[in-house]
$ cat coords_21.pdb   # PDB, N, CA and C atoms and all ligand atoms
ATOM      1  N   MET T   1      16.811  22.354 -14.864
ATOM      2  CA  MET T   1      15.634  22.230 -14.005
ATOM      3  C   MET T   1      15.208  20.752 -13.971
ATOM      4  N   PRO T   2      14.957  20.182 -12.766
ATOM      5  CA  PRO T   2      14.549  18.769 -12.723
ATOM      6  C   PRO T   2      13.199  18.557 -13.382
ATOM      7  N   ALA T   3      13.047  17.378 -14.001
ATOM      8  CA  ALA T   3      11.775  17.063 -14.658
ATOM      9  C   ALA T   3      10.667  16.926 -13.624
ATOM     10  N   GLN T   4       9.504  17.424 -13.945
ATOM     11  CA  GLN T   4       8.346  17.277 -13.065
ATOM     12  C   GLN T   4       7.859  15.832 -13.116
ATOM     13  N   PRO T   5       7.447  15.247 -11.967
ATOM     14  CA  PRO T   5       6.899  13.895 -12.027
ATOM     15  C   PRO T   5       5.622  13.892 -12.848
ATOM     16  N   ALA T   6       5.404  12.768 -13.571
ATOM     17  CA  ALA T   6       4.235  12.682 -14.448
ATOM     18  C   ALA T   6       2.943  12.635 -13.642
ATOM     19  N   PHE T   7       2.992  12.084 -12.451
ATOM     20  CA  PHE T   7       1.795  11.956 -11.630
ATOM     21  C   PHE T   7       2.069  12.576 -10.262
ATOM     22  N   GLU T   8       1.114  13.341  -9.779
ATOM     23  CA  GLU T   8       1.240  13.967  -8.464
ATOM     24  C   GLU T   8       0.625  13.065  -7.408
ATOM     25  N   CYS T   9       1.274  12.996  -6.255
ATOM     26  CA  CYS T   9       0.677  12.280  -5.127
ATOM     27  C   CYS T   9      -0.389  13.165  -4.505
ATOM     28  N   THR T  10      -1.593  12.623  -4.369
ATOM     29  CA  THR T  10      -2.700  13.374  -3.767
ATOM     30  C   THR T  10      -2.827  13.077  -2.279
ATOM     31  N   ARG T  11      -1.895  12.289  -1.749
ATOM     32  CA  ARG T  11      -1.915  11.898  -0.327
ATOM     33  C   ARG T  11      -3.228  11.198   0.022
ATOM     34  N   CYS T  12      -3.624  10.315  -0.885
ATOM     35  CA  CYS T  12      -4.914   9.631  -0.721
ATOM     36  C   CYS T  12      -4.839   8.490   0.277
ATOM     37  N   GLY T  13      -3.631   8.018   0.598
ATOM     38  CA  GLY T  13      -3.468   6.991   1.628
ATOM     39  C   GLY T  13      -3.533   5.554   1.147
ATOM     40  N   VAL T  14      -3.901   5.329  -0.091
ATOM     41  CA  VAL T  14      -4.108   3.958  -0.567
ATOM     42  C   VAL T  14      -2.858   3.094  -0.460
ATOM     43  N   CYS T  15      -1.712   3.649  -0.837
ATOM     44  CA  CYS T  15      -0.504   2.811  -0.867
ATOM     45  C   CYS T  15      -0.022   2.461   0.538
ATOM     46  N   CYS T  16      -0.603   3.054   1.568
ATOM     47  CA  CYS T  16      -0.266   2.717   2.956
ATOM     48  C   CYS T  16      -1.300   1.779   3.565
ATOM     49  N   VAL T  17      -2.287   1.373   2.762
ATOM     50  CA  VAL T  17      -3.352   0.486   3.253
ATOM     51  C   VAL T  17      -3.472  -0.761   2.375
ATOM     52  N   ALA T  18      -3.561  -0.581   1.080
ATOM     53  CA  ALA T  18      -3.914  -1.706   0.210
ATOM     54  C   ALA T  18      -2.816  -2.770   0.064
ATOM     55  N   PRO T  19      -1.579  -2.396  -0.248
ATOM     56  CA  PRO T  19      -0.614  -3.467  -0.559
ATOM     57  C   PRO T  19      -0.083  -4.191   0.670
ATOM     58  N   ASP T  20       0.361  -5.418   0.429
ATOM     59  CA  ASP T  20       1.160  -6.162   1.401
ATOM     60  C   ASP T  20       2.561  -5.528   1.355
ATOM     61  N   ILE T  21       3.096  -5.126   2.512
ATOM     62  CA  ILE T  21       4.428  -4.508   2.536
ATOM     63  C   ILE T  21       5.328  -5.340   3.441
ATOM     64  N   ALA T  22       6.218  -6.101   2.815
ATOM     65  CA  ALA T  22       7.059  -7.044   3.562
ATOM     66  C   ALA T  22       7.916  -6.340   4.603
ATOM     67  N   ALA T  23       8.507  -5.205   4.250
ATOM     68  CA  ALA T  23       9.434  -4.516   5.157
ATOM     69  C   ALA T  23       8.753  -4.103   6.459
ATOM     70  N   LEU T  24       7.440  -3.964   6.400
ATOM     71  CA  LEU T  24       6.689  -3.551   7.591
ATOM     72  C   LEU T  24       5.857  -4.696   8.158
ATOM     73  N   ASP T  25       5.951  -5.882   7.532
ATOM     74  CA  ASP T  25       5.095  -7.010   7.874
ATOM     75  C   ASP T  25       3.632  -6.553   7.895
ATOM     76  N   LYS T  26       3.300  -5.720   6.915
ATOM     77  CA  LYS T  26       1.953  -5.147   6.831
ATOM     78  C   LYS T  26       1.073  -6.022   5.969
ATOM     79  N   PRO T  27      -0.019  -6.521   6.544
ATOM     80  CA  PRO T  27      -0.876  -7.413   5.752
ATOM     81  C   PRO T  27      -1.611  -6.693   4.618
ATOM     82  N   LEU T  28      -1.976  -7.467   3.639
ATOM     83  CA  LEU T  28      -2.762  -6.985   2.513
ATOM     84  C   LEU T  28      -4.055  -6.317   2.998
ATOM     85  N   GLY T  29      -4.293  -5.119   2.522
ATOM     86  CA  GLY T  29      -5.573  -4.463   2.782
ATOM     87  C   GLY T  29      -5.744  -3.891   4.175
ATOM     88  N   GLN T  30      -4.688  -3.919   4.970
ATOM     89  CA  GLN T  30      -4.776  -3.409   6.344
ATOM     90  C   GLN T  30      -3.969  -2.119   6.456
ATOM     91  N   ARG T  31      -4.447  -1.192   7.276
ATOM     92  CA  ARG T  31      -3.723   0.068   7.468
ATOM     93  C   ARG T  31      -2.335  -0.194   8.034
ATOM     94  N   CYS T  32      -1.342   0.494   7.509
ATOM     95  CA  CYS T  32      -0.032   0.482   8.148
ATOM     96  C   CYS T  32      -0.185   1.076   9.550
ATOM     97  N   VAL T  33       0.520   0.494  10.500
ATOM     98  CA  VAL T  33       0.409   0.983  11.884
ATOM     99  C   VAL T  33       0.928   2.416  12.007
ATOM    100  N   HIS T  34       1.686   2.866  11.018
ATOM    101  CA  HIS T  34       2.253   4.210  11.072
ATOM    102  C   HIS T  34       1.387   5.246  10.351
ATOM    103  N   LEU T  35       0.289   4.810   9.789
ATOM    104  CA  LEU T  35      -0.573   5.747   9.062
ATOM    105  C   LEU T  35      -1.476   6.463  10.065
ATOM    106  N   GLY T  36      -1.371   7.780  10.081
ATOM    107  CA  GLY T  36      -2.147   8.564  11.022
ATOM    108  C   GLY T  36      -3.616   8.672  10.619
ATOM    109  N   ALA T  37      -4.399   9.203  11.533
ATOM    110  CA  ALA T  37      -5.830   9.372  11.261
ATOM    111  C   ALA T  37      -6.066  10.328  10.096
ATOM    112  N   ASP T  38      -5.076  11.188   9.822
ATOM    113  CA  ASP T  38      -5.169  12.110   8.691
ATOM    114  C   ASP T  38      -4.709  11.467   7.382
ATOM    115  N   ASN T  39      -4.458  10.142   7.435
ATOM    116  CA  ASN T  39      -3.983   9.375   6.267
ATOM    117  C   ASN T  39      -2.604   9.830   5.791
ATOM    118  N   LEU T  40      -1.838  10.411   6.703
ATOM    119  CA  LEU T  40      -0.453  10.753   6.391
ATOM    120  C   LEU T  40       0.461   9.903   7.260
ATOM    121  N   CYS T  41       1.682   9.677   6.753
ATOM    122  CA  CYS T  41       2.646   8.842   7.466
ATOM    123  C   CYS T  41       3.159   9.560   8.716
ATOM    124  N   ALA T  42       3.030   8.878   9.853
ATOM    125  CA  ALA T  42       3.467   9.478  11.118
ATOM    126  C   ALA T  42       4.970   9.331  11.334
ATOM    127  N   VAL T  43       5.626   8.523  10.504
ATOM    128  CA  VAL T  43       7.082   8.332  10.636
ATOM    129  C   VAL T  43       7.771   8.700   9.319
ATOM    130  N   TYR T  44       7.243   9.714   8.675
ATOM    131  CA  TYR T  44       7.664  10.040   7.309
ATOM    132  C   TYR T  44       9.185  10.153   7.159
ATOM    133  N   ASP T  45       9.825  10.838   8.095
ATOM    134  CA  ASP T  45      11.280  11.039   7.965
ATOM    135  C   ASP T  45      12.061   9.743   8.179
ATOM    136  N   ASP T  46      11.445   8.768   8.835
ATOM    137  CA  ASP T  46      12.126   7.497   9.130
ATOM    138  C   ASP T  46      11.467   6.320   8.428
ATOM    139  N   ARG T  47      10.616   6.571   7.432
ATOM    140  CA  ARG T  47       9.904   5.491   6.754
ATOM    141  C   ARG T  47      10.909   4.584   6.050
ATOM    142  N   PRO T  48      10.556   3.298   5.879
ATOM    143  CA  PRO T  48      11.502   2.374   5.258
ATOM    144  C   PRO T  48      11.743   2.691   3.779
ATOM    145  N   ALA T  49      12.802   2.098   3.259
ATOM    146  CA  ALA T  49      13.225   2.393   1.887
ATOM    147  C   ALA T  49      12.120   2.095   0.878
ATOM    148  N   VAL T  50      11.334   1.032   1.126
ATOM    149  CA  VAL T  50      10.294   0.673   0.164
ATOM    150  C   VAL T  50       9.273   1.811   0.036
ATOM    151  N   CYS T  51       9.000   2.492   1.136
ATOM    152  CA  CYS T  51       8.069   3.625   1.096
ATOM    153  C   CYS T  51       8.757   4.847   0.485
ATOM    154  N   ARG T  52      10.010   5.023   0.837
ATOM    155  CA  ARG T  52      10.790   6.150   0.329
ATOM    156  C   ARG T  52      10.876   6.103  -1.201
ATOM    157  N   GLY T  53      10.985   4.896  -1.735
ATOM    158  CA  GLY T  53      11.162   4.751  -3.173
ATOM    159  C   GLY T  53       9.864   4.712  -3.956
ATOM    160  N   TYR T  54       8.727   4.675  -3.272
ATOM    161  CA  TYR T  54       7.444   4.549  -3.970
ATOM    162  C   TYR T  54       7.110   5.856  -4.672
ATOM    163  N   ARG T  55       6.690   5.765  -5.902
ATOM    164  CA  ARG T  55       6.353   6.965  -6.680
ATOM    165  C   ARG T  55       4.930   6.856  -7.202
ATOM    166  N   PRO T  56       4.195   7.957  -7.214
ATOM    167  CA  PRO T  56       2.852   7.920  -7.783
ATOM    168  C   PRO T  56       2.904   7.589  -9.272
ATOM    169  N   ASP T  57       1.907   6.859  -9.725
ATOM    170  CA  ASP T  57       1.829   6.523 -11.144
ATOM    171  C   ASP T  57       0.366   6.503 -11.571
ATOM    172  N   GLU T  58       0.101   5.945 -12.738
ATOM    173  CA  GLU T  58      -1.254   5.991 -13.273
ATOM    174  C   GLU T  58      -2.245   5.227 -12.404
ATOM    175  N   LEU T  59      -1.751   4.270 -11.614
ATOM    176  CA  LEU T  59      -2.654   3.518 -10.734
ATOM    177  C   LEU T  59      -3.308   4.456  -9.715
ATOM    178  N   CYS T  60      -2.569   5.442  -9.253
ATOM    179  CA  CYS T  60      -3.129   6.392  -8.280
ATOM    180  C   CYS T  60      -4.373   7.059  -8.864
ATOM    181  N   ALA T  61      -4.323   7.413 -10.119
ATOM    182  CA  ALA T  61      -5.471   8.050 -10.762
ATOM    183  C   ALA T  61      -6.605   7.054 -10.969
ATOM    184  N   ARG T  62      -6.248   5.807 -11.286
ATOM    185  CA  ARG T  62      -7.295   4.808 -11.544
ATOM    186  C   ARG T  62      -8.076   4.457 -10.296
ATOM    187  N   VAL T  63      -7.468   4.589  -9.115
ATOM    188  CA  VAL T  63      -8.160   4.199  -7.884
ATOM    189  C   VAL T  63      -8.740   5.408  -7.151
ATOM    190  N   ALA T  64      -8.731   6.564  -7.792
ATOM    191  CA  ALA T  64      -9.282   7.765  -7.146
ATOM    192  C   ALA T  64     -10.769   7.571  -6.863
ATOM    193  N   ALA T  65     -11.192   7.911  -5.656
ATOM    194  CA  ALA T  65     -12.598   7.771  -5.240
ATOM    195  C   ALA T  65     -12.787   8.617  -3.984
ATOM    196  N   PRO T  66     -14.034   8.882  -3.602
ATOM    197  CA  PRO T  66     -14.268   9.805  -2.486
ATOM    198  C   PRO T  66     -13.760   9.324  -1.127
ATOM    199  N   THR T  67     -13.819   8.029  -0.855
ATOM    200  CA  THR T  67     -13.408   7.558   0.471
ATOM    201  C   THR T  67     -12.211   6.613   0.368
ATOM    202  N   LEU T  68     -11.485   6.507   1.472
ATOM    203  CA  LEU T  68     -10.321   5.615   1.483
ATOM    204  C   LEU T  68     -10.754   4.159   1.274
ATOM    205  N   ASP T  69     -11.837   3.754   1.908
ATOM    206  CA  ASP T  69     -12.312   2.375   1.718
ATOM    207  C   ASP T  69     -12.588   2.092   0.241
ATOM    208  N   GLN T  70     -13.209   3.059  -0.435
ATOM    209  CA  GLN T  70     -13.492   2.867  -1.861
ATOM    210  C   GLN T  70     -12.199   2.800  -2.667
ATOM    211  N   ARG T  71     -11.248   3.645  -2.315
ATOM    212  CA  ARG T  71      -9.969   3.649  -3.053
ATOM    213  C   ARG T  71      -9.226   2.326  -2.846
ATOM    214  N   VAL T  72      -9.231   1.853  -1.614
ATOM    215  CA  VAL T  72      -8.547   0.580  -1.331
ATOM    216  C   VAL T  72      -9.219  -0.557  -2.096
ATOM    217  N   ALA T  73     -10.538  -0.567  -2.114
ATOM    218  CA  ALA T  73     -11.256  -1.622  -2.838
ATOM    219  C   ALA T  73     -10.918  -1.581  -4.332
ATOM    220  N   LEU T  74     -10.829  -0.386  -4.889
ATOM    221  CA  LEU T  74     -10.469  -0.270  -6.313
ATOM    222  C   LEU T  74      -9.058  -0.793  -6.564
ATOM    223  N   TYR T  75      -8.147  -0.468  -5.664
ATOM    224  CA  TYR T  75      -6.760  -0.932  -5.789
ATOM    225  C   TYR T  75      -6.724  -2.458  -5.743
ATOM    226  N   LEU T  76      -7.377  -3.036  -4.737
ATOM    227  CA  LEU T  76      -7.366  -4.493  -4.593
ATOM    228  C   LEU T  76      -8.005  -5.162  -5.809
ATOM    229  N   ALA T  77      -9.077  -4.556  -6.315
ATOM    230  CA  ALA T  77      -9.757  -5.117  -7.491
ATOM    231  C   ALA T  77      -8.837  -5.106  -8.711
ATOM    232  N   GLU T  78      -8.007  -4.071  -8.826
ATOM    233  CA  GLU T  78      -7.067  -3.991  -9.958
ATOM    234  C   GLU T  78      -6.195  -5.245 -10.033
ATOM    235  N   PHE T  79      -5.871  -5.802  -8.858
ATOM    236  CA  PHE T  79      -4.954  -6.949  -8.810
ATOM    237  C   PHE T  79      -5.680  -8.258  -8.477
ATOM    238  N   GLY T  80      -7.001  -8.227  -8.489
ATOM    239  CA  GLY T  80      -7.760  -9.441  -8.196
ATOM    240  C   GLY T  80      -7.579  -9.915  -6.764
ATOM    241  N   LEU T  81      -7.400  -8.971  -5.834
ATOM    242  CA  LEU T  81      -7.061  -9.338  -4.464
ATOM    243  C   LEU T  81      -8.186  -9.053  -3.456
ATOM    244  N   LEU T  82      -9.375  -8.751  -3.939
ATOM    245  CA  LEU T  82     -10.467  -8.439  -3.006
ATOM    246  C   LEU T  82     -10.791  -9.621  -2.100
ATOM    247  N   ASP T  83     -10.899 -10.811  -2.662
ATOM    248  CA  ASP T  83     -11.244 -11.983  -1.852
ATOM    249  C   ASP T  83     -10.139 -12.289  -0.850
ATOM    250  N   GLU T  84      -8.894 -12.206  -1.310
ATOM    251  CA  GLU T  84      -7.786 -12.496  -0.400
ATOM    252  C   GLU T  84      -7.746 -11.473   0.737
ATOM    253  N   ALA T  85      -7.959 -10.208   0.421
ATOM    254  CA  ALA T  85      -7.950  -9.177   1.464
ATOM    255  C   ALA T  85      -9.072  -9.425   2.479
ATOM    256  N   ALA T  86     -10.211  -9.919   2.008
ATOM    257  CA  ALA T  86     -11.303 -10.233   2.928
ATOM    258  C   ALA T  86     -10.907 -11.385   3.846
ATOM    259  N   ARG T  87     -10.195 -12.372   3.283
ATOM    260  CA  ARG T  87      -9.729 -13.490   4.124
ATOM    261  C   ARG T  87      -8.701 -13.002   5.145
ATOM    262  N   VAL T  88      -7.812 -12.112   4.719
ATOM    263  CA  VAL T  88      -6.808 -11.568   5.641
ATOM    264  C   VAL T  88      -7.500 -10.794   6.763
ATOM    265  N   ALA T  89      -8.535 -10.052   6.418
ATOM    266  CA  ALA T  89      -9.268  -9.284   7.430
ATOM    267  C   ALA T  89      -9.892 -10.203   8.468
ATOM    268  N   ARG T  90     -10.177 -11.447   8.059
ATOM    269  CA  ARG T  90     -10.757 -12.433   8.999
ATOM    270  C   ARG T  90      -9.660 -13.202   9.741
ATOM    271  N   GLY T  91      -8.383 -12.870   9.495
ATOM    272  CA  GLY T  91      -7.292 -13.475  10.261
ATOM    273  C   GLY T  91      -6.441 -14.469   9.511
ATOM    274  N   ALA T  92      -6.769 -14.743   8.247
ATOM    275  CA  ALA T  92      -5.958 -15.685   7.466
ATOM    276  C   ALA T  92      -4.678 -14.989   6.998
ATOM    277  N   PRO T  93      -3.587 -15.758   6.806
ATOM    278  CA  PRO T  93      -2.380 -15.135   6.271
ATOM    279  C   PRO T  93      -2.557 -14.851   4.777
ATOM    280  N   GLY T  94      -2.089 -13.717   4.332
ATOM    281  CA  GLY T  94      -2.101 -13.430   2.903
ATOM    282  C   GLY T  94      -1.089 -14.311   2.198
ATOM    283  N   SER T  95      -1.245 -14.463   0.883
ATOM    284  CA  SER T  95      -0.353 -15.367   0.162
ATOM    285  C   SER T  95       1.099 -14.889   0.200
ATOM    286  N   MET T  96       1.329 -13.583   0.113
ATOM    287  CA  MET T  96       2.698 -13.074   0.149
ATOM    288  C   MET T  96       3.296 -13.252   1.542
ATOM    289  N   ALA T  97       2.504 -12.974   2.568
ATOM    290  CA  ALA T  97       2.995 -13.155   3.937
ATOM    291  C   ALA T  97       3.305 -14.626   4.189
ATOM    292  N   ALA T  98       2.434 -15.512   3.702
ATOM    293  CA  ALA T  98       2.663 -16.947   3.883
ATOM    294  C   ALA T  98       3.932 -17.376   3.141
ATOM    295  N   ALA T  99       4.127 -16.830   1.946
ATOM    296  CA  ALA T  99       5.314 -17.188   1.165
ATOM    297  C   ALA T  99       6.591 -16.750   1.881
ATOM    298  N   ARG T 100       6.530 -15.621   2.552
ATOM    299  CA  ARG T 100       7.723 -15.133   3.253
ATOM    300  C   ARG T 100       8.097 -16.049   4.418
ATOM    301  N   ARG T 101       7.131 -16.841   4.899
ATOM    302  CA  ARG T 101       7.412 -17.723   6.027
ATOM    303  C   ARG T 101       7.872 -19.114   5.581
ATOM    304  N   LEU T 102       7.904 -19.363   4.279
ATOM    305  CA  LEU T 102       8.381 -20.656   3.778
ATOM    306  C   LEU T 102       9.896 -20.718   3.935
ATOM    307  N   PRO T 103      10.432 -21.935   4.194
ATOM    308  CA  PRO T 103      11.884 -22.049   4.267
ATOM    309  C   PRO T 103      12.518 -21.742   2.916
ATOM    310  N   VAL T 104      13.679 -21.134   2.956
ATOM    311  CA  VAL T 104      14.396 -20.806   1.718
ATOM    312  C   VAL T 104      15.076 -22.074   1.200
ATOM    313  N   VAL T 105      14.839 -22.423  -0.071
ATOM    314  CA  VAL T 105      15.476 -23.591  -0.690
ATOM    315  C   VAL T 105      16.676 -23.104  -1.482
ATOM    316  N   ARG T 106      17.849 -23.654  -1.198
ATOM    317  CA  ARG T 106      19.069 -23.211  -1.906
ATOM    318  C   ARG T 106      19.574 -24.312  -2.803
TER     319      ARG T 106
HETATM  320  S1  LIG F   1      -1.686   5.809  -3.810
HETATM  321 FE1  LIG F   1      -0.589   7.322  -5.064
HETATM  322  S2  LIG F   1      -1.672   9.268  -4.759
HETATM  323 FE2  LIG F   1      -2.275   7.883  -3.081
HETATM  324  S3  LIG F   1      -0.843   8.350  -1.402
HETATM  325 FE3  LIG F   1       0.036   6.637  -2.581
HETATM  326  S4  LIG F   1       1.399   7.591  -4.099
HETATM  327 FE4  LIG F   1       0.042   9.202  -3.300
HETATM  328  S1  LIG F   2       5.644   3.587   6.954
HETATM  329 FE1  LIG F   2       4.559   5.458   6.383
HETATM  330  S2  LIG F   2       4.775   5.604   4.148
HETATM  331 FE2  LIG F   2       5.247   3.501   4.739
HETATM  332  S3  LIG F   2       3.297   2.369   4.527
HETATM  333 FE3  LIG F   2       3.481   3.051   6.660
HETATM  334  S4  LIG F   2       2.368   5.009   6.734
HETATM  335 FE4  LIG F   2       2.826   4.557   4.579
END
$ encode --input "coords_21.pdb" --output "structure tokens"
Amino acid sequence: MPAQPAFECTRCGVCCVAPDIAALDKPLGQRCVHLGADNLCAVYDDRPAVCRGYRPDELCARVAAPTLDQRVALYLAEFGLLDEAARVARGAPGSMAAARRLPVVR
């Protein structure tokens, strides 16, 4: 019998909003364009590998809160990214997005 995962996904939507996701060019703290109004992935069967490989862990429990905005804020706070996410919301590039645009030095 396969082992049960230690943490269950509650479909809270945080991992589709809070992180910067390079494969989707998704900015920090912004909703993925594929996240439906029900906070479920609208392209679930065709989602990129980074989403396919994501597994719930203890962070999901730590950011549990009644609203998605509250959950996202808790997630960003865990990584000290609240200020950066606010700057991104105002149109600034996030640090990871900016780093991806730097020329590769070989
Ligand atoms: S943050 Fe965790 S619990 Fe919420 S949708 Fe993502 S994997 Fe599931
Ligand atoms: S593609 Fe789907 S699973 Fe991946 S971040 Fe967007 S909504 Fe979430």
$ axis_aligned_box --input "coords_21.pdb" --around "ligand LIG 2 (chain F)" --padding-each-side "5 Å" --output "lines of an AutoDock Vina configuration file"
center_x = 4.0
center_y = 4.0
center_z = 5.6
size_x = 13.3
size_y = 13.2
size_z = 12.8
$ residues_near_point --input "coords_21.pdb" --point "(-10.0, -6.0, 9.2)" --cutoff "7 Å" --atoms "all atoms listed in the file" --output "ChimeraX atom specification"
/T:29-30,88-90
$ resolve_selection --input "coords_21.pdb" --expression "the PyMOL selection byres (((chain T and resi 85) around 8) and not hetatm)" --output "list in words"
Pro27, Leu28, Gly29, Gln30, Leu76, Gly80, Leu81, Leu82, Asp83, Glu84, Ala86, Arg87, Val88, Ala89, Arg90, Gly91, Gly94 and Ser95 of chain T
$ residues_near_ligand --input "coords_21.pdb" --ligand "ligand LIG 1 (chain F)" --cutoff "8 Å" --atoms "all atoms listed in the file" --output "PyMOL selection string"
chain T and resi 7-17+39+54-61+63
$ write_last_selection --input "coords_21.pdb" --atoms "N, CA and C atoms" --output "short mmCIF file (atom, residue, chain, number, x, y, z; two decimals), in the coordinates of the input"
data_model
loop_
_atom_site.label_atom_id
_atom_site.label_comp_id
_atom_site.auth_asym_id
_atom_site.auth_seq_id
_atom_site.Cartn_x
_atom_site.Cartn_y
_atom_site.Cartn_z
N PHE T 7 2.99 12.08 -12.45
CA PHE T 7 1.80 11.96 -11.63
C PHE T 7 2.07 12.58 -10.26
N GLU T 8 1.11 13.34 -9.78
CA GLU T 8 1.24 13.97 -8.46
C GLU T 8 0.62 13.06 -7.41
N CYS T 9 1.27 13.00 -6.26
CA CYS T 9 0.68 12.28 -5.13
C CYS T 9 -0.39 13.16 -4.50
N THR T 10 -1.59 12.62 -4.37
CA THR T 10 -2.70 13.37 -3.77
C THR T 10 -2.83 13.08 -2.28
N ARG T 11 -1.90 12.29 -1.75
CA ARG T 11 -1.92 11.90 -0.33
C ARG T 11 -3.23 11.20 0.02
N CYS T 12 -3.62 10.32 -0.88
CA CYS T 12 -4.91 9.63 -0.72
C CYS T 12 -4.84 8.49 0.28
N GLY T 13 -3.63 8.02 0.60
CA GLY T 13 -3.47 6.99 1.63
C GLY T 13 -3.53 5.55 1.15
N VAL T 14 -3.90 5.33 -0.09
CA VAL T 14 -4.11 3.96 -0.57
C VAL T 14 -2.86 3.09 -0.46
N CYS T 15 -1.71 3.65 -0.84
CA CYS T 15 -0.50 2.81 -0.87
C CYS T 15 -0.02 2.46 0.54
N CYS T 16 -0.60 3.05 1.57
CA CYS T 16 -0.27 2.72 2.96
C CYS T 16 -1.30 1.78 3.56
N VAL T 17 -2.29 1.37 2.76
CA VAL T 17 -3.35 0.49 3.25
C VAL T 17 -3.47 -0.76 2.38
N ASN T 39 -4.46 10.14 7.44
CA ASN T 39 -3.98 9.38 6.27
C ASN T 39 -2.60 9.83 5.79
N TYR T 54 8.73 4.68 -3.27
CA TYR T 54 7.44 4.55 -3.97
C TYR T 54 7.11 5.86 -4.67
N ARG T 55 6.69 5.76 -5.90
CA ARG T 55 6.35 6.96 -6.68
C ARG T 55 4.93 6.86 -7.20
N PRO T 56 4.20 7.96 -7.21
CA PRO T 56 2.85 7.92 -7.78
C PRO T 56 2.90 7.59 -9.27
N ASP T 57 1.91 6.86 -9.72
CA ASP T 57 1.83 6.52 -11.14
C ASP T 57 0.37 6.50 -11.57
N GLU T 58 0.10 5.94 -12.74
CA GLU T 58 -1.25 5.99 -13.27
C GLU T 58 -2.24 5.23 -12.40
N LEU T 59 -1.75 4.27 -11.61
CA LEU T 59 -2.65 3.52 -10.73
C LEU T 59 -3.31 4.46 -9.72
N CYS T 60 -2.57 5.44 -9.25
CA CYS T 60 -3.13 6.39 -8.28
C CYS T 60 -4.37 7.06 -8.86
N ALA T 61 -4.32 7.41 -10.12
CA ALA T 61 -5.47 8.05 -10.76
C ALA T 61 -6.60 7.05 -10.97
N VAL T 63 -7.47 4.59 -9.12
CA VAL T 63 -8.16 4.20 -7.88
C VAL T 63 -8.74 5.41 -7.15
#
$ resolve_selection --input "coords_21.pdb" --expression "the PyMOL selection byres (((not hetatm)) within 6.5 of (chain F and resi 2))" --output "PyMOL selection string"
chain T and resi 15-17+32-36+40-44+47-48+50-52
$ atom_distance --input "coords_21.pdb" --atom1 "atom C of Ala97 of chain T" --atom2 "atom N of Phe79 of chain T"
18.2 Å
$ atom_distance --input "coords_21.pdb" --atom1 "atom C of Ala65 of chain T" --atom2 "atom CA of Ala77 of chain T"
14.5 Å
$ select_by_dssp --input "coords_21.pdb" --residues "segment 26-91 of chain T" --states "alpha helix (DSSP H)" --output "list of chain:residue names"
T:Ala49, T:Val50, T:Cys51, T:Arg52, T:Glu58, T:Leu59, T:Cys60, T:Ala61, T:Arg62, T:Leu68, T:Asp69, T:Gln70, T:Arg71, T:Val72, T:Ala73, T:Leu74, T:Tyr75, T:Leu76, T:Ala77, T:Glu78, T:Leu82, T:Asp83, T:Glu84, T:Ala85, T:Ala86, T:Arg87, T:Val88, T:Ala89
$ atom_distance --input "coords_21.pdb" --atom1 "atom C of Ala23 of chain T" --atom2 "atom C of Ala49 of chain T"
9.0 Å
$ closest_residue --input "coords_21.pdb" --among "T:Leu24, T:Val104, T:Ala99, T:Pro19" --to "Val72 of chain T" --atoms "only C-alpha atoms"
T:Pro19
$ closest_residue --input "coords_21.pdb" --among "T:Ala37, T:Asp69, T:Glu78, T:Ala22" --to "Arg101 of chain T" --atoms "only C-alpha atoms"
T:Ala22
$ build_atoms --input "coords_21.pdb" --residues "segment 46-53 of chain T" --atoms "N, CA, C and O atoms" --output "PDB file, in the frame of the given file"
ATOM      1  N   ASP T  46      11.445   8.768   8.835  1.00  0.00           N
ATOM      2  CA  ASP T  46      12.126   7.497   9.130  1.00  0.00           C
ATOM      3  C   ASP T  46      11.467   6.320   8.428  1.00  0.00           C
ATOM      4  O   ASP T  46      11.711   5.163   8.800  1.00  0.00           O
ATOM      5  N   ARG T  47      10.616   6.571   7.432  1.00  0.00           N
ATOM      6  CA  ARG T  47       9.904   5.491   6.754  1.00  0.00           C
ATOM      7  C   ARG T  47      10.909   4.584   6.050  1.00  0.00           C
ATOM      8  O   ARG T  47      12.000   5.047   5.669  1.00  0.00           O
ATOM      9  N   PRO T  48      10.556   3.298   5.879  1.00  0.00           N
ATOM     10  CA  PRO T  48      11.502   2.374   5.258  1.00  0.00           C
ATOM     11  C   PRO T  48      11.743   2.691   3.779  1.00  0.00           C
ATOM     12  O   PRO T  48      10.980   3.427   3.149  1.00  0.00           O
ATOM     13  N   ALA T  49      12.802   2.098   3.259  1.00  0.00           N
ATOM     14  CA  ALA T  49      13.225   2.393   1.887  1.00  0.00           C
ATOM     15  C   ALA T  49      12.120   2.095   0.878  1.00  0.00           C
ATOM     16  O   ALA T  49      11.971   2.814  -0.114  1.00  0.00           O
ATOM     17  N   VAL T  50      11.334   1.032   1.126  1.00  0.00           N
ATOM     18  CA  VAL T  50      10.294   0.673   0.164  1.00  0.00           C
ATOM     19  C   VAL T  50       9.273   1.811   0.036  1.00  0.00           C
ATOM     20  O   VAL T  50       8.746   2.062  -1.044  1.00  0.00           O
ATOM     21  N   CYS T  51       9.000   2.492   1.136  1.00  0.00           N
ATOM     22  CA  CYS T  51       8.069   3.625   1.096  1.00  0.00           C
ATOM     23  C   CYS T  51       8.757   4.847   0.485  1.00  0.00           C
ATOM     24  O   CYS T  51       8.160   5.604  -0.283  1.00  0.00           O
ATOM     25  N   ARG T  52      10.010   5.023   0.837  1.00  0.00           N
ATOM     26  CA  ARG T  52      10.790   6.150   0.329  1.00  0.00           C
ATOM     27  C   ARG T  52      10.876   6.103  -1.201  1.00  0.00           C
ATOM     28  O   ARG T  52      10.863   7.134  -1.879  1.00  0.00           O
ATOM     29  N   GLY T  53      10.985   4.896  -1.735  1.00  0.00           N
ATOM     30  CA  GLY T  53      11.162   4.751  -3.173  1.00  0.00           C
ATOM     31  C   GLY T  53       9.864   4.712  -3.956  1.00  0.00           C
ATOM     32  O   GLY T  53       9.882   4.699  -5.184  1.00  0.00           O
TER      33      GLY T  53
END
